[in-house]
$ cat final.txt   # compact mmCIF, C-alpha atoms
# COMPACT_ATOMS: atom_id res chain seq x y z
CA MET A 30 0.00 0.00 0.00
CA LYS A 31 1.35 3.41 -0.96
CA LYS A 32 2.33 5.69 1.89
CA ALA A 33 1.01 9.20 1.40
CA THR A 34 0.56 12.48 3.19
CA SER A 35 -2.19 13.79 0.88
CA LEU A 36 -4.90 12.57 -1.51
CA SER A 37 -2.94 13.94 -4.46
CA GLU A 38 -0.18 11.42 -3.71
CA LEU A 39 -2.83 8.67 -3.93
CA GLY A 40 -3.71 9.74 -7.46
CA PHE A 41 -6.51 12.24 -6.87
CA ASP A 42 -6.32 15.46 -8.86
CA ALA A 43 -5.98 18.33 -6.40
CA ASN A 44 -6.28 21.16 -8.92
CA GLY A 45 -9.38 23.15 -8.19
CA ALA A 46 -10.64 20.51 -5.78
CA SER A 47 -12.52 23.05 -3.66
CA SER A 48 -14.31 24.63 -6.64
CA GLY A 49 -17.09 22.05 -6.47
CA PHE A 50 -17.96 23.22 -2.96
CA PHE A 51 -17.21 26.94 -2.85
CA ARG A 52 -18.02 29.80 -5.19
CA PRO A 53 -15.45 32.65 -5.36
CA VAL A 54 -16.56 35.88 -3.70
CA SER A 55 -15.92 39.19 -5.43
CA ASP A 56 -14.92 42.31 -3.52
CA GLY A 57 -17.30 44.41 -5.61
CA MET A 58 -14.49 46.35 -7.29
CA ASP A 59 -13.69 43.83 -10.00
CA SER A 60 -13.96 40.12 -10.64
CA THR A 61 -10.80 39.26 -8.73
CA PRO A 62 -11.40 37.06 -5.68
CA THR A 63 -10.55 38.56 -2.31
CA SER A 64 -7.46 36.38 -1.98
CA HIS A 65 -5.26 39.43 -2.53
CA HIS A 66 -6.40 40.68 0.89
CA ARG A 67 -4.97 37.60 2.58
CA ARG A 68 -2.70 38.38 5.52
CA ARG A 69 0.94 37.42 5.40
CA LEU A 70 1.40 33.88 6.71
CA THR A 71 3.91 33.09 9.47
CA LYS A 72 6.38 30.26 9.00
CA VAL A 73 8.47 28.59 11.70
CA SER A 74 11.12 25.97 11.00
CA VAL A 75 12.37 23.47 13.59
CA ILE A 76 15.74 21.89 12.87
CA GLY A 77 16.02 18.58 14.69
CA ALA A 78 13.03 16.26 15.18
CA GLY A 79 14.19 14.66 18.40
CA ASN A 80 12.37 14.81 21.71
CA VAL A 81 13.10 18.51 22.23
CA GLY A 82 12.39 19.56 18.65
CA MET A 83 9.06 17.73 18.54
CA ALA A 84 7.98 19.07 21.94
CA ILE A 85 8.65 22.56 20.60
CA ALA A 86 6.80 21.90 17.34
CA GLN A 87 3.83 20.38 19.17
CA THR A 88 3.59 23.30 21.60
CA ILE A 89 3.82 25.89 18.81
CA LEU A 90 1.11 23.97 16.97
CA THR A 91 -1.31 23.74 19.89
CA ARG A 92 -0.80 27.41 20.78
CA ASP A 93 -1.53 28.45 17.17
CA LEU A 94 1.68 30.46 16.82
CA ALA A 95 2.41 29.70 13.15
CA ASP A 96 0.59 29.14 9.87
CA GLU A 97 3.26 26.77 8.62
CA ILE A 98 5.76 24.60 10.48
CA ALA A 99 8.68 23.03 8.61
CA LEU A 100 10.50 20.11 10.23
CA VAL A 101 14.05 19.12 9.28
CA ASP A 102 15.99 16.09 10.44
CA ALA A 103 18.69 13.77 9.13
CA LEU A 104 16.54 10.64 9.68
CA PRO A 105 13.89 10.57 6.92
CA ASP A 106 11.65 7.81 8.28
CA LYS A 107 11.47 9.23 11.78
CA LEU A 108 10.89 12.70 10.34
CA LEU A 109 8.00 11.55 8.15
CA GLY A 110 6.51 9.59 11.03
CA GLU A 111 6.60 12.61 13.33
CA MET A 112 4.99 14.83 10.72
CA LEU A 113 2.24 12.31 9.95
CA ASP A 114 1.53 11.84 13.65
CA LEU A 115 0.87 15.57 13.98
CA GLN A 116 -1.03 15.83 10.70
CA HIS A 117 -3.44 13.10 11.79
CA ALA A 118 -4.51 15.35 14.69
CA ALA A 119 -5.56 18.11 12.26
CA ALA A 120 -9.25 17.88 13.24
CA PHE A 121 -8.38 18.78 16.83
CA LEU A 122 -5.90 21.57 16.17
CA PRO A 123 -5.71 25.06 14.62
CA ARG A 124 -5.22 24.95 10.85
CA THR A 125 -1.45 24.80 10.34
CA ARG A 126 0.42 23.52 7.31
CA LEU A 127 3.06 20.93 8.21
CA VAL A 128 5.95 20.10 5.88
CA SER A 129 9.13 18.13 6.40
CA ASP A 130 12.33 17.23 4.57
CA THR A 131 15.91 16.25 5.16
CA ASP A 132 16.89 19.12 2.86
CA MET A 133 17.17 22.59 4.37
CA SER A 134 15.39 24.13 1.38
CA VAL A 135 12.06 23.23 3.03
CA THR A 136 12.76 26.08 5.48
CA ARG A 137 12.70 28.71 2.71
CA GLY A 138 10.94 31.91 3.72
CA SER A 139 10.93 31.21 7.46
CA ASP A 140 10.18 34.02 9.87
CA LEU A 141 11.79 32.09 12.69
CA ALA A 142 14.20 29.15 12.58
CA ILE A 143 14.66 27.12 15.76
CA VAL A 144 17.75 24.91 15.96
CA THR A 145 17.59 21.96 18.35
CA ALA A 146 19.91 19.60 16.44
CA GLY A 147 23.10 18.60 18.19
CA ALA A 148 25.60 15.79 18.50
CA ARG A 149 25.20 13.42 21.45
CA GLN A 150 28.11 13.09 23.84
CA ILE A 151 30.06 9.85 23.47
CA PRO A 152 31.10 8.16 26.74
CA GLY A 153 34.55 9.45 27.66
CA GLU A 154 34.37 12.34 25.20
CA THR A 155 35.61 15.70 26.43
CA ARG A 156 33.30 18.72 26.43
CA LEU A 157 35.59 20.44 23.92
CA ASN A 158 35.40 17.52 21.46
CA LEU A 159 31.62 17.50 21.76
CA LEU A 160 31.55 21.24 21.17
CA GLN A 161 33.75 20.93 18.09
CA ARG A 162 31.47 18.25 16.65
CA ASN A 163 28.47 20.52 17.21
CA VAL A 164 30.29 23.39 15.51
CA ALA A 165 30.87 21.11 12.51
CA LEU A 166 27.14 20.33 12.47
CA PHE A 167 26.26 24.02 12.69
CA ARG A 168 28.53 24.73 9.71
CA LYS A 169 26.11 22.60 7.67
CA ILE A 170 22.90 23.97 9.20
CA VAL A 171 23.30 27.69 9.83
CA PRO A 172 24.62 28.97 6.46
CA ALA A 173 21.85 27.03 4.69
CA LEU A 174 19.21 28.55 6.97
CA ALA A 175 20.64 32.02 6.36
CA GLU A 176 20.59 31.45 2.60
CA HIS A 177 16.99 30.24 2.46
CA SER A 178 15.62 32.71 5.02
CA PRO A 179 17.86 35.79 5.07
CA ASP A 180 15.35 37.84 7.09
CA ALA A 181 14.60 35.18 9.72
CA ILE A 182 15.27 35.26 13.44
CA LEU A 183 17.52 32.41 14.61
CA LEU A 184 16.60 30.84 17.94
CA ILE A 185 19.23 28.40 19.20
CA VAL A 186 18.23 25.67 21.67
CA SER A 187 21.06 23.14 21.13
CA ASN A 188 23.54 22.82 23.98
CA PRO A 189 25.89 24.27 25.04
CA VAL A 190 23.44 26.97 24.03
CA ASP A 191 25.48 30.09 24.81
CA VAL A 192 28.54 29.03 22.83
CA LEU A 193 26.44 27.66 19.96
CA THR A 194 24.47 30.92 19.80
CA TYR A 195 27.80 32.67 19.32
CA VAL A 196 28.66 30.12 16.61
CA ALA A 197 25.30 30.70 14.87
CA TRP A 198 25.86 34.46 14.94
CA LYS A 199 29.29 34.12 13.36
CA LEU A 200 28.20 31.60 10.70
CA SER A 201 24.96 33.36 9.73
CA GLY A 202 26.28 36.88 9.33
CA PHE A 203 23.00 38.08 10.89
CA PRO A 204 22.86 41.13 13.15
CA VAL A 205 23.01 40.29 16.87
CA SER A 206 19.37 41.33 17.27
CA ARG A 207 18.29 38.34 15.14
CA VAL A 208 20.37 35.60 16.80
CA ILE A 209 19.06 34.50 20.20
CA GLY A 210 19.74 31.56 22.48
CA SER A 211 17.02 30.02 24.67
CA GLY A 212 19.47 30.59 27.50
CA THR A 213 18.14 30.66 31.06
CA ASN A 214 14.49 31.24 30.18
CA LEU A 215 13.73 27.71 31.42
CA ASP A 216 16.16 27.95 34.36
CA SER A 217 14.29 31.08 35.48
CA SER A 218 10.98 29.22 35.22
CA ARG A 219 12.40 26.47 37.46
CA PHE A 220 13.55 29.19 39.91
CA ARG A 221 10.06 30.75 39.92
CA PHE A 222 8.43 27.35 40.39
CA LEU A 223 10.47 26.49 43.47
CA LEU A 224 9.77 29.85 45.08
CA ALA A 225 6.08 29.76 44.15
CA GLU A 226 5.70 26.34 45.72
CA HIS A 227 7.36 27.57 48.92
CA LEU A 228 5.27 30.75 49.10
CA ASP A 229 2.04 29.10 47.90
CA VAL A 230 1.51 31.57 45.04
CA ASN A 231 1.23 31.28 41.28
CA ALA A 232 4.62 31.07 39.55
CA GLN A 233 3.50 33.80 37.14
CA ASP A 234 3.42 36.23 40.08
CA VAL A 235 7.05 35.52 40.99
CA ASN A 236 9.69 37.71 39.37
CA ALA A 237 13.00 35.83 39.54
CA TYR A 238 15.89 35.60 37.11
CA MET A 239 18.74 33.23 36.45
CA VAL A 240 21.37 34.96 34.32
CA GLY A 241 24.76 34.17 32.82
CA GLU A 242 25.58 30.75 31.42
CA HIS A 243 22.90 28.14 30.90
CA GLY A 244 24.91 25.70 32.92
CA ASP A 245 27.09 25.26 35.99
CA SER A 246 28.11 28.92 36.37
CA SER A 247 24.62 30.41 36.08
CA VAL A 248 23.78 33.18 38.54
CA ALA A 249 20.61 33.33 40.65
CA VAL A 250 19.70 37.02 41.03
CA TRP A 251 18.33 37.03 44.57
CA SER A 252 18.60 40.80 44.95
CA THR A 253 15.72 41.53 42.54
CA LEU A 254 13.47 38.65 43.63
CA SER A 255 9.90 39.85 44.12
CA VAL A 256 6.31 38.67 44.37
CA ALA A 257 3.55 41.04 43.22
CA GLY A 258 6.14 43.82 43.16
CA MET A 259 7.21 43.22 46.78
CA PRO A 260 10.85 42.33 47.59
CA VAL A 261 10.97 38.83 49.05
CA LEU A 262 14.53 37.87 50.05
CA LYS A 263 14.76 40.08 53.15
CA SER A 264 11.39 38.85 54.36
CA LEU A 265 12.39 35.22 53.81
CA GLN A 266 15.66 35.66 55.67
CA GLU A 267 13.93 37.38 58.59
CA SER A 268 11.24 34.71 58.90
CA HIS A 269 13.39 31.68 58.06
CA SER A 270 16.81 31.44 59.67
CA SER A 271 17.64 28.69 57.17
CA PHE A 272 17.77 31.17 54.25
CA GLY A 273 21.48 31.85 54.61
CA GLU A 274 24.12 31.97 51.87
CA GLU A 275 24.60 28.21 51.97
CA ALA A 276 20.88 27.60 51.52
CA LEU A 277 20.68 30.09 48.63
CA GLU A 278 23.56 28.34 46.88
CA GLY A 279 21.80 25.01 47.48
CA ILE A 280 18.70 26.33 45.74
CA ARG A 281 20.77 27.61 42.81
CA ARG A 282 22.49 24.25 42.56
CA ALA A 283 19.12 22.45 42.60
CA ILE A 284 17.95 24.61 39.69
CA VAL A 285 21.10 23.88 37.69
CA ASP A 286 20.83 20.14 38.40
CA SER A 287 17.07 19.85 37.84
CA ALA A 288 17.46 18.95 34.16
CA TYR A 289 19.82 16.10 35.11
CA GLU A 290 17.22 14.86 37.57
CA VAL A 291 14.58 14.71 34.83
CA ILE A 292 17.01 13.00 32.46
CA GLY A 293 17.85 10.47 35.14
CA LEU A 294 14.16 9.67 35.63
CA LYS A 295 12.77 9.65 32.07
CA GLY A 296 15.87 9.68 29.87
CA TYR A 297 15.53 13.19 28.43
CA THR A 298 13.87 16.58 28.93
CA SER A 299 11.21 17.78 26.52
CA TRP A 300 7.98 19.35 27.77
CA ALA A 301 9.41 22.18 29.87
CA ILE A 302 11.80 23.28 27.12
CA GLY A 303 8.94 22.96 24.62
CA TYR A 304 6.79 25.39 26.60
CA SER A 305 9.76 27.66 27.29
CA VAL A 306 10.62 28.00 23.61
CA ALA A 307 6.97 28.44 22.60
CA ASN A 308 6.84 31.26 25.15
CA LEU A 309 9.76 32.92 23.34
CA VAL A 310 8.15 32.29 19.94
CA SER A 311 4.98 34.03 21.09
CA SER A 312 6.90 37.10 22.28
CA LEU A 313 8.89 37.27 19.05
CA LEU A 314 6.28 36.61 16.37
CA ARG A 315 3.42 38.41 18.11
CA ASP A 316 5.62 41.40 18.97
CA GLN A 317 4.76 41.12 22.66
CA ARG A 318 7.72 43.22 23.91
CA ARG A 319 8.01 40.88 26.89
CA ILE A 320 11.17 40.52 28.97
CA HIS A 321 12.93 37.14 28.87
CA PRO A 322 16.33 36.01 30.17
CA VAL A 323 17.83 34.77 26.90
CA SER A 324 21.32 34.41 25.50
CA VAL A 325 22.42 37.66 23.85
CA LEU A 326 25.68 39.40 23.06
CA ALA A 327 26.75 40.62 26.51
CA ALA A 328 29.90 42.61 25.69
CA GLY A 329 29.91 45.87 27.63
CA PHE A 330 27.37 44.78 30.25
CA HIS A 331 28.28 44.50 33.95
CA GLY A 332 31.98 45.01 33.35
CA ILE A 333 32.30 42.37 30.63
CA PRO A 334 34.98 43.79 28.26
CA ASP A 335 33.67 45.40 25.08
CA ASP A 336 35.97 43.25 22.95
CA HIS A 337 34.74 39.97 24.48
CA GLU A 338 32.11 38.72 22.05
CA VAL A 339 30.40 36.41 24.50
CA PHE A 340 26.77 35.33 24.55
CA LEU A 341 25.05 34.74 27.88
CA SER A 342 21.62 35.30 29.38
CA LEU A 343 20.43 38.72 30.43
CA PRO A 344 16.84 40.03 30.60
CA ALA A 345 15.99 41.13 27.06
CA ARG A 346 12.93 42.74 25.48
CA LEU A 347 11.74 40.59 22.58
CA GLY A 348 9.57 41.53 19.61
CA ARG A 349 9.01 40.92 15.93
CA ALA A 350 12.47 42.29 15.05
CA GLY A 351 14.20 40.04 17.58
CA VAL A 352 16.08 41.52 20.54
CA LEU A 353 14.79 45.08 20.97
CA GLY A 354 16.88 45.89 24.02
CA VAL A 355 18.79 44.37 26.93
CA ALA A 356 18.09 45.42 30.52
CA ASP A 357 21.08 46.85 32.37
CA MET A 358 19.81 45.38 35.64
CA GLU A 359 21.16 46.34 39.04
CA LEU A 360 23.18 43.54 40.61
CA THR A 361 24.96 43.24 43.92
CA ASP A 362 28.76 43.14 43.90
CA GLU A 363 28.68 39.38 44.46
CA GLU A 364 26.17 38.80 41.65
CA THR A 365 28.30 40.93 39.32
CA ARG A 366 31.42 38.99 40.27
CA ARG A 367 29.67 35.69 39.54
CA LEU A 368 28.34 36.97 36.22
CA ARG A 369 31.79 38.09 35.11
CA ARG A 370 33.18 34.70 36.08
CA SER A 371 30.45 33.04 34.02
CA ALA A 372 31.30 35.32 31.08
CA LYS A 373 35.01 34.49 31.42
CA THR A 374 34.27 30.76 31.24
CA LEU A 375 32.17 31.19 28.10
CA TRP A 376 34.69 33.55 26.52
CA GLU A 377 37.48 31.02 26.99
CA ASN A 378 35.35 28.31 25.36
CA THR A 379 34.56 30.47 22.31
CA GLN A 380 38.25 31.30 21.85
CA LEU A 381 39.01 27.62 21.37
CA LEU A 382 36.77 27.48 18.28
CA GLY A 383 38.78 29.81 16.04
CA LEU A 384 35.74 31.43 14.41

$ encode --input "final.txt" --output "structure tokens"
Amino acid sequence: MKKATSLSELGFDANGASSGFFRPVSDGMDSTPTSHHRRRLTKVSVIGAGNVGMAIAQTILTRDLADEIALVDALPDKLLGEMLDLQHAAAFLPRTRLVSDTDMSVTRGSDLAIVTAGARQIPGETRLNLLQRNVALFRKIVPALAEHSPDAILLIVSNPVDVLTYVAWKLSGFPVSRVIGSGTNLDSSRFRFLLAEHLDVNAQDVNAYMVGEHGDSSVAVWSTLSVAGMPVLKSLQESHSSFGEEALEGIRRAIVDSAYEVIGLKGYTSWAIGYSVANLVSSLLRDQRRIHPVSVLAAGFHGIPDDHEVFLSLPARLGRAGVLGVADMELTDEETRRLRRSAKTLWENTQLLGL
């Protein structure tokens, strides 16, 4: 039996198929149908159809954030299966065109390209070797994306996300405003969740940021922590003697390690990063001007040298043009010291790449 994704592939003529059901409507000015009034459609491409990529695609689909989603992966059978699985749910979802291919040309005309593809670490492999293999993969992906969608925003999710966002910026030739890493947007959500659970409030009412590297050297910004606009840390420390420096570092460590906990339990992370990225997609494509801690070019911020082209997470205002601005947030001396240390680590890693 022939596998097919449409009736036309089964031999049915698709030309003018709807004409037997619908009569064209004139706008009263001439005989031209009103199709020329059609709004511009939004296209999102997801590169990498693994657990993370498909969670992102599924969340974008259910939230009705795109008119067309293009999926790209190196494994053709898995890719087709994933696309068909989503297409078969069409009756329960917003109308979205789904396409897929192993060739990057399917991404042509994208408004937003999300890269989740990455090499898996081999047992015993050093972090640098893994990074170099991912750079080699990005050399195949990013220039092709830039060629087919020169006006797109690039959103990098692959890890190590900060360094690979730098790599994508260099390889694409795009302005820094259109190259963004998912960064600590999810880390900050984990931070807000833990505090919300402790305070018995909704996580959306907690304002808490993780900044710096998405990784071991990330910085929990306790000094700006608030709930409903009210500073929280001082109150917590006055009412709970356990909220000392050691406890705060334990909480930060728990946030950093939380992904490893999920991986240890189910083998991978997917849903939280899917919702996190869809949250970024909404702010970008719907021009929401919301503030997100994402990986951006941080040179010149918080004492990071101007000539250090390092990407790390800072609160940034996102809209249809990409990064519209980066908040120069007030940090304590200790938070600033930790952020600079995080930047130094990332800077040293990028210098090993020779880009």

$ closest_residue --input "final.txt" --among "A:Arg162, A:Gly241, A:Val291, A:Val248" --to "Phe330 in chain A" --atoms "all atoms listed in the file"
A:Gly241

$ closest_residue --input "final.txt" --among "A:Glu176, A:Glu364, A:Asp140, A:Asp96" --to "Glu278 in chain A" --atoms "all atoms listed in the file"
A:Glu364

$ closest_residue --input "final.txt" --among "A:Ala118, A:Leu193, A:Ala283, A:Ile292" --to "Leu384 in chain A" --atoms "all atoms listed in the file"
A:Leu193

$ atom_distance --input "final.txt" --atom1 "CA of Asp191 in chain A" --atom2 "CA of Gly296 in chain A"
23.1 Å

$ closest_residue --input "final.txt" --among "A:Leu108, A:Leu166, A:Val323, A:Ala372" --to "Val190 in chain A" --atoms "all atoms listed in the file"
A:Val323

$ residues_near_point --input "final.txt" --point "(10.2, 42.3, 20.3)" --cutoff "6 Å" --atoms "only C-alpha atoms" --output "PDB file with C-alpha atoms, keeping the file's coordinate frame"
ATOM      1  CA  LEU A 313       8.890  37.270  19.050  1.00  0.00           C
ATOM      2  CA  ASP A 316       5.620  41.400  18.970  1.00  0.00           C
ATOM      3  CA  ARG A 318       7.720  43.220  23.910  1.00  0.00           C
ATOM      4  CA  ARG A 346      12.930  42.740  25.480  1.00  0.00           C
ATOM      5  CA  LEU A 347      11.740  40.590  22.580  1.00  0.00           C
ATOM      6  CA  GLY A 348       9.570  41.530  19.610  1.00  0.00           C
ATOM      7  CA  ARG A 349       9.010  40.920  15.930  1.00  0.00           C
ATOM      8  CA  ALA A 350      12.470  42.290  15.050  1.00  0.00           C
ATOM      9  CA  GLY A 351      14.200  40.040  17.580  1.00  0.00           C
ATOM     10  CA  VAL A 352      16.080  41.520  20.540  1.00  0.00           C
ATOM     11  CA  LEU A 353      14.790  45.080  20.970  1.00  0.00           C
TER      12      LEU A 353
END

$ closest_residue --input "final.txt" --among "A:Gly79, A:Pro179, A:Gly332, A:Gly244" --to "Thr136 in chain A" --atoms "only C-alpha atoms"
A:Pro179

$ closest_residue --input "final.txt" --among "A:Glu359, A:Glu274, A:Asp245, A:Glu290" --to "Leu375 in chain A" --atoms "all atoms listed in the file"
A:Asp245

$ atom_distance --input "final.txt" --atom1 "CA of Leu122 in chain A" --atom2 "CA of Arg137 in chain A"
24.0 Å

$ residues_near_point --input "final.txt" --point "(1.0, 14.0, 10.9)" --cutoff "12 Å" --atoms "only C-alpha atoms" --output "number ranges by chain"
A: 33-35, 83, 86-87, 90, 98, 100, 107-120, 122, 125-129

$ atom_distance --input "final.txt" --atom1 "CA of Ser206 in chain A" --atom2 "CA of Gly329 in chain A"
15.5 Å

$ residues_around --input "final.txt" --residues "Tyr297 in chain A" --least-positions-apart "6" --cutoff "12 Å" --atoms "only C-alpha atoms" --output "ChimeraX atom specification"
/A:79-81,84,149,287-291

$ residues_around --input "final.txt" --residues "Thr194 in chain A" --least-positions-apart "6" --cutoff "8 Å" --atoms "all atoms listed in the file" --output "ChimeraX atom specification"
/A:185,208-210,324,340

$ residues_around --input "final.txt" --residues "Val164 in chain A" --least-positions-apart "6" --cutoff "9 Å" --atoms "only C-alpha atoms" --output "compact mmCIF listing (two decimals) with C-alpha atoms, keeping the file's coordinate frame"
# COMPACT_ATOMS: atom_id res chain seq x y z
CA LEU A 193 26.44 27.66 19.96
CA VAL A 196 28.66 30.12 16.61
CA ALA A 197 25.30 30.70 14.87
CA LEU A 382 36.77 27.48 18.28

$ decode --input "final.txt" --residues "range 201-216 of chain A" --atoms "N, CA and C atoms" --output "PDB file, in the first residue's frame"
ATOM      1  N   SER A 201      26.109  32.822  10.488  1.00  0.00           N
ATOM      2  CA  SER A 201      24.962  33.358   9.731  1.00  0.00           C
ATOM      3  C   SER A 201      25.244  34.723   9.124  1.00  0.00           C
ATOM      4  N   GLY A 202      26.072  35.515   9.787  1.00  0.00           N
ATOM      5  CA  GLY A 202      26.275  36.880   9.334  1.00  0.00           C
ATOM      6  C   GLY A 202      25.112  37.787   9.680  1.00  0.00           C
ATOM      7  N   PHE A 203      24.172  37.288  10.483  1.00  0.00           N
ATOM      8  CA  PHE A 203      23.004  38.078  10.886  1.00  0.00           C
ATOM      9  C   PHE A 203      23.403  39.115  11.938  1.00  0.00           C
ATOM     10  N   PRO A 204      22.626  40.199  12.049  1.00  0.00           N
ATOM     11  CA  PRO A 204      22.857  41.133  13.153  1.00  0.00           C
ATOM     12  C   PRO A 204      22.561  40.451  14.484  1.00  0.00           C
ATOM     13  N   VAL A 205      23.173  40.941  15.568  1.00  0.00           N
ATOM     14  CA  VAL A 205      23.011  40.291  16.867  1.00  0.00           C
ATOM     15  C   VAL A 205      21.567  40.309  17.346  1.00  0.00           C
ATOM     16  N   SER A 206      20.780  41.249  16.850  1.00  0.00           N
ATOM     17  CA  SER A 206      19.375  41.327  17.272  1.00  0.00           C
ATOM     18  C   SER A 206      18.558  40.155  16.764  1.00  0.00           C
ATOM     19  N   ARG A 207      19.059  39.444  15.738  1.00  0.00           N
ATOM     20  CA  ARG A 207      18.287  38.342  15.144  1.00  0.00           C
ATOM     21  C   ARG A 207      18.912  36.970  15.420  1.00  0.00           C
ATOM     22  N   VAL A 208      19.806  36.894  16.386  1.00  0.00           N
ATOM     23  CA  VAL A 208      20.370  35.603  16.800  1.00  0.00           C
ATOM     24  C   VAL A 208      20.245  35.516  18.321  1.00  0.00           C
ATOM     25  N   ILE A 209      19.427  34.587  18.786  1.00  0.00           N
ATOM     26  CA  ILE A 209      19.064  34.502  20.198  1.00  0.00           C
ATOM     27  C   ILE A 209      19.230  33.059  20.667  1.00  0.00           C
ATOM     28  N   GLY A 210      19.687  32.891  21.886  1.00  0.00           N
ATOM     29  CA  GLY A 210      19.736  31.561  22.482  1.00  0.00           C
ATOM     30  C   GLY A 210      18.645  31.426  23.528  1.00  0.00           C
ATOM     31  N   SER A 211      18.083  30.228  23.671  1.00  0.00           N
ATOM     32  CA  SER A 211      17.019  30.019  24.666  1.00  0.00           C
ATOM     33  C   SER A 211      17.517  30.273  26.071  1.00  0.00           C
ATOM     34  N   GLY A 212      18.824  30.138  26.285  1.00  0.00           N
ATOM     35  CA  GLY A 212      19.469  30.592  27.502  1.00  0.00           C
ATOM     36  C   GLY A 212      18.852  30.098  28.787  1.00  0.00           C
ATOM     37  N   THR A 213      18.644  31.024  29.734  1.00  0.00           N
ATOM     38  CA  THR A 213      18.141  30.665  31.061  1.00  0.00           C
ATOM     39  C   THR A 213      16.652  30.949  31.206  1.00  0.00           C
ATOM     40  N   ASN A 214      15.941  31.037  30.094  1.00  0.00           N
ATOM     41  CA  ASN A 214      14.489  31.243  30.184  1.00  0.00           C
ATOM     42  C   ASN A 214      13.834  30.102  30.968  1.00  0.00           C
ATOM     43  N   LEU A 215      14.269  28.867  30.698  1.00  0.00           N
ATOM     44  CA  LEU A 215      13.729  27.713  31.422  1.00  0.00           C
ATOM     45  C   LEU A 215      14.289  27.644  32.839  1.00  0.00           C
ATOM     46  N   ASP A 216      15.566  27.937  33.025  1.00  0.00           N
ATOM     47  CA  ASP A 216      16.155  27.955  34.364  1.00  0.00           C
ATOM     48  C   ASP A 216      15.385  28.923  35.265  1.00  0.00           C
TER      49      ASP A 216
END
